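Colleague: Got a structure for you, my_file-v1.txt, holding compact mmCIF, C-alpha atoms.
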# COMPACT_ATOMS: atom_id res chain seq x y z
CA GLU G 1 -9.75 -64.23 -15.84
CA VAL G 2 -12.72 -61.90 -16.07
CA GLN G 3 -13.37 -60.18 -12.77
CA LEU G 4 -16.20 -57.76 -12.06
CA ALA G 5 -16.64 -56.07 -8.69
CA GLU G 6 -19.81 -54.13 -7.97
CA SER G 7 -20.12 -51.55 -5.22
CA GLY G 8 -22.26 -48.63 -4.14
CA GLY G 9 -25.41 -50.37 -3.02
CA GLY G 10 -27.14 -49.65 0.25
CA LEU G 11 -30.33 -48.62 1.97
CA VAL G 12 -32.09 -45.61 0.48
CA GLN G 13 -35.48 -43.99 1.00
CA PRO G 14 -38.09 -43.91 -1.76
CA GLY G 15 -37.36 -41.06 -4.12
CA GLY G 16 -33.65 -41.21 -3.39
CA SER G 17 -30.69 -41.80 -5.66
CA LEU G 18 -27.67 -44.06 -5.80
CA THR G 19 -24.77 -44.63 -8.14
CA LEU G 20 -23.49 -48.16 -8.50
CA SER G 21 -20.00 -48.89 -9.77
CA CYS G 22 -18.51 -51.97 -11.38
CA LYS G 23 -14.75 -52.26 -11.64
CA ALA G 24 -13.61 -54.66 -14.35
CA SER G 25 -10.34 -56.51 -14.84
CA GLY G 26 -8.93 -59.44 -16.74
CA PHE G 27 -9.97 -58.27 -20.20
CA THR G 28 -9.75 -55.24 -22.48
CA PHE G 29 -12.63 -53.27 -21.01
CA SER G 30 -12.91 -50.71 -23.79
CA ASP G 31 -13.54 -53.47 -26.37
CA HIS G 32 -16.69 -54.77 -24.73
CA ALA G 33 -20.25 -53.73 -24.14
CA MET G 34 -21.24 -53.81 -20.48
CA SER G 35 -24.60 -54.38 -18.87
CA TRP G 36 -26.42 -54.16 -15.59
CA GLY G 37 -29.10 -56.51 -14.40
CA ARG G 38 -31.00 -57.02 -11.17
CA GLN G 39 -32.62 -59.83 -9.28
CA ALA G 40 -35.33 -59.32 -6.70
CA PRO G 41 -35.99 -62.02 -4.10
CA GLY G 42 -37.83 -64.95 -5.63
CA LYS G 43 -37.62 -63.56 -9.16
CA ALA G 44 -35.48 -64.20 -12.21
CA ILE G 45 -32.67 -61.86 -13.06
CA GLU G 46 -33.77 -59.06 -15.40
CA TRP G 47 -31.85 -56.85 -17.77
CA VAL G 48 -31.62 -53.19 -16.74
CA ALA G 49 -29.27 -51.40 -19.13
CA THR G 50 -26.40 -51.81 -21.58
CA ILE G 51 -23.68 -49.51 -22.84
CA SER G 52 -21.77 -50.41 -25.99
CA SER G 53 -18.03 -50.13 -26.39
CA GLY G 54 -18.69 -46.93 -28.28
CA GLY G 55 -20.92 -45.45 -25.58
CA THR G 56 -24.37 -46.09 -27.04
CA THR G 57 -26.82 -46.84 -24.26
CA ALA G 58 -30.06 -48.73 -23.87
CA ALA G 59 -32.25 -49.27 -20.82
CA ALA G 60 -35.38 -51.20 -19.98
CA THR G 61 -38.39 -49.12 -20.97
CA SER G 62 -40.17 -50.16 -17.78
CA LEU G 63 -37.74 -47.96 -15.84
CA LYS G 64 -39.12 -44.86 -17.57
CA GLY G 65 -35.76 -43.12 -17.72
CA ARG G 66 -35.03 -43.32 -14.01
CA PHE G 67 -31.81 -45.31 -14.48
CA THR G 68 -28.88 -44.40 -16.72
CA ILE G 69 -25.68 -46.26 -17.53
CA SER G 70 -22.28 -44.76 -18.19
CA ARG G 71 -18.67 -45.90 -18.42
CA ASP G 72 -15.16 -44.61 -17.85
CA ASN G 73 -12.74 -46.62 -19.96
CA ALA G 74 -9.74 -45.01 -18.29
CA LYS G 75 -10.92 -46.48 -14.98
CA ASN G 76 -12.25 -49.76 -16.39
CA THR G 77 -15.51 -48.94 -14.65
CA VAL G 78 -19.16 -48.97 -15.61
CA TYR G 79 -21.76 -47.10 -13.60
CA LEU G 80 -25.48 -47.32 -13.05
CA HIS G 81 -27.15 -44.14 -11.89
CA LEU G 82 -30.42 -44.82 -10.09
CA ASN G 83 -32.85 -41.96 -9.58
CA ASP G 84 -36.32 -41.64 -8.07
CA LEU G 85 -35.95 -45.04 -6.48
CA LYS G 86 -39.06 -47.04 -5.62
CA THR G 87 -39.58 -49.93 -3.23
CA GLU G 88 -39.91 -52.26 -6.21
CA ASP G 89 -36.33 -51.42 -7.19
CA THR G 90 -35.12 -53.40 -4.20
CA ALA G 91 -32.86 -56.11 -5.63
CA MET G 92 -29.34 -57.41 -6.00
CA TYR G 93 -27.73 -55.51 -8.85
CA TYR G 94 -25.14 -57.17 -11.06
CA CYS G 95 -22.88 -55.97 -13.82
CA ALA G 96 -22.04 -58.26 -16.70
CA ARG G 97 -19.71 -58.23 -19.65
CA GLY G 98 -21.53 -58.02 -22.92
CA GLY G 99 -24.91 -56.90 -24.14
CA SER G 100 -26.99 -58.97 -21.74
CA VAL G 101 -26.85 -60.39 -18.23
CA ALA G 102 -26.01 -63.86 -19.54
CA GLY G 103 -22.28 -63.17 -19.69
CA PRO G 104 -19.73 -63.21 -16.87
CA ARG G 105 -21.16 -61.40 -13.83
CA GLY G 106 -19.89 -60.04 -10.58
CA GLN G 107 -21.06 -60.92 -7.07
CA GLY G 108 -23.57 -58.09 -7.03
CA THR G 109 -24.40 -55.18 -4.75
CA GLN G 110 -27.62 -54.99 -2.77
CA VAL G 111 -29.98 -52.04 -3.16
CA THR G 112 -32.78 -51.76 -0.63
CA VAL G 113 -35.39 -49.05 -1.00
CA SER G 114 -37.39 -48.56 2.16
CA SER G 115 -38.71 -45.81 4.37
For the structure just supplied, provide its representation as structure tokens.
Modeller:
Amino acid sequence: EVQLAESGGGLVQPGGSLTLSCKASGFTFSDHAMSWGRQAPGKAIEWVATISSGGTTAAATSLKGRFTISRDNAKNTVYLHLNDLKTEDTAMYYCARGGSVAGPRGQGTQVTVSS
């Protein structure tokens, strides 16, 4: 059974940083691309970033390089590094197996950006 457990969210001031973690189990982590998505209140879930099994990364251009994705195959964990956070980044953040947010997802971790 695929299990994904996100952590690391919280309340942060505008301009701050956070690192989200997603611990995976139930499948061979190193064989799969992994993605992050987010869902703001009242909005559809949107794709944020993907990292391939080989480590190639891609991120939404709208983020203007503020977010980066990384992985540690030895720890079965994928990370999302959030920098220069803005109030509009407030959302539930999810990790997903695969190259989009349509695959199996975790329960999410809440990020709230507020002064």
Colleague: From the options G:Ala74, G:Leu18, G:Ala33, G:Ile51, which residue's atoms come nearest to G:Pro104, counting all atoms listed in the file?
Modeller: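 Closest candidate: G:Ala33.
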Colleague: Name the closest residue to G:Gln39 among the candidates G:Ala91, G:Val101, G:Val111, G:Ile69; distances are taken between atoms, counting only C-alpha atoms.
Modeller: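 Once distances to G:Gln39 are computed over only C-alpha atoms, the minimum belongs to G:Ala91.
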Colleague: Which polymer residues have any atom within 12 Å of an atom of G:Leu63, counting all atoms listed in the file, with same-chain residues fewer than 2 positions away left out, as a list in words?
Modeller: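 Everything that qualifies: Glu46, Trp47, Val48, Ala49, Ala58, Ala59, Ala60, Thr61, Gly65, Arg66, Phe67, Thr68, His81, Leu82, Asn83, Asp84, Leu85, Lys86, Glu88 and Asp89 of chain G.
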Colleague: Nearest to G:Thr112 among G:Tyr93, G:Tyr79, G:Trp36, G:Phe29, with distances taken over only C-alpha atoms: which residue is it?
Modeller: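 Among the listed residues, G:Tyr93 lies closest to G:Thr112.
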Colleague: Pick out the residues sitting within 9 Å of G:Gln3, and hand them over as number ranges by chain; count only C-alpha atoms, and ignore anything fewer than 5 positions along from it in its own chain.
Modeller: G: 23-27, 104-106
Colleague: Atom CA of G:Thr109 to atom CA of G:Tyr94: how many Å, to one decimal?
Modeller: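 Computing it gives 6.7 Å between the two atoms.
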Colleague: Rounded to one decimal place, report the atom CA of G:Ser30-atom CA of G:Val2 distance in Å.
Modeller: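 Value for the atom CA of G:Ser30-atom CA of G:Val2 distance: 13.6 Å.
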Colleague: Work out how far atom CA of G:Leu20 is from atom CA of G:Leu80, in Å to one decimal.
Modeller: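 Computing the Euclidean distance for atom CA of G:Leu80 and atom CA of G:Leu20 yields 5.0 Å.
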Colleague: Starting from the sparse input, extend stretch 59-71 of chain G to N, CA and C atoms and give the output as a short mmCIF file (atom, residue, chain, number, x, y, z; two decimals), in the frame of the given file.
Modeller:
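result_20.cif, freshly written:
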data_model
loop_
_atom_site.label_atom_id
_atom_site.label_comp_id
_atom_site.auth_asym_id
_atom_site.auth_seq_id
_atom_site.Cartn_x
_atom_site.Cartn_y
_atom_site.Cartn_z
N ALA G 59 -31.75 -48.91 -22.15
CA ALA G 59 -32.25 -49.27 -20.82
C ALA G 59 -33.65 -49.82 -20.96
N ALA G 60 -34.04 -50.62 -19.98
CA ALA G 60 -35.38 -51.20 -19.98
C ALA G 60 -36.42 -50.09 -19.97
N THR G 61 -37.38 -50.17 -20.86
CA THR G 61 -38.39 -49.12 -20.97
C THR G 61 -39.25 -49.03 -19.72
N SER G 62 -39.36 -50.15 -19.00
CA SER G 62 -40.17 -50.16 -17.78
C SER G 62 -39.62 -49.21 -16.71
N LEU G 63 -38.35 -48.86 -16.83
CA LEU G 63 -37.74 -47.96 -15.84
C LEU G 63 -38.08 -46.50 -16.10
N LYS G 64 -38.63 -46.21 -17.25
CA LYS G 64 -39.12 -44.86 -17.57
C LYS G 64 -38.05 -43.79 -17.35
N GLY G 65 -36.83 -44.11 -17.75
CA GLY G 65 -35.76 -43.12 -17.72
C GLY G 65 -35.17 -42.84 -16.36
N ARG G 66 -35.53 -43.59 -15.36
CA ARG G 66 -35.03 -43.32 -14.01
C ARG G 66 -33.59 -43.78 -13.83
N PHE G 67 -33.16 -44.77 -14.61
CA PHE G 67 -31.81 -45.31 -14.48
C PHE G 67 -31.01 -44.99 -15.74
N THR G 68 -29.76 -44.61 -15.57
CA THR G 68 -28.88 -44.40 -16.72
C THR G 68 -27.55 -45.12 -16.49
N ILE G 69 -26.95 -45.54 -17.58
CA ILE G 69 -25.68 -46.26 -17.53
C ILE G 69 -24.60 -45.40 -18.17
N SER G 70 -23.41 -45.48 -17.62
CA SER G 70 -22.28 -44.76 -18.19
C SER G 70 -21.01 -45.58 -17.95
N ARG G 71 -19.93 -45.18 -18.59
CA ARG G 71 -18.67 -45.90 -18.42
C ARG G 71 -17.50 -44.93 -18.46
#
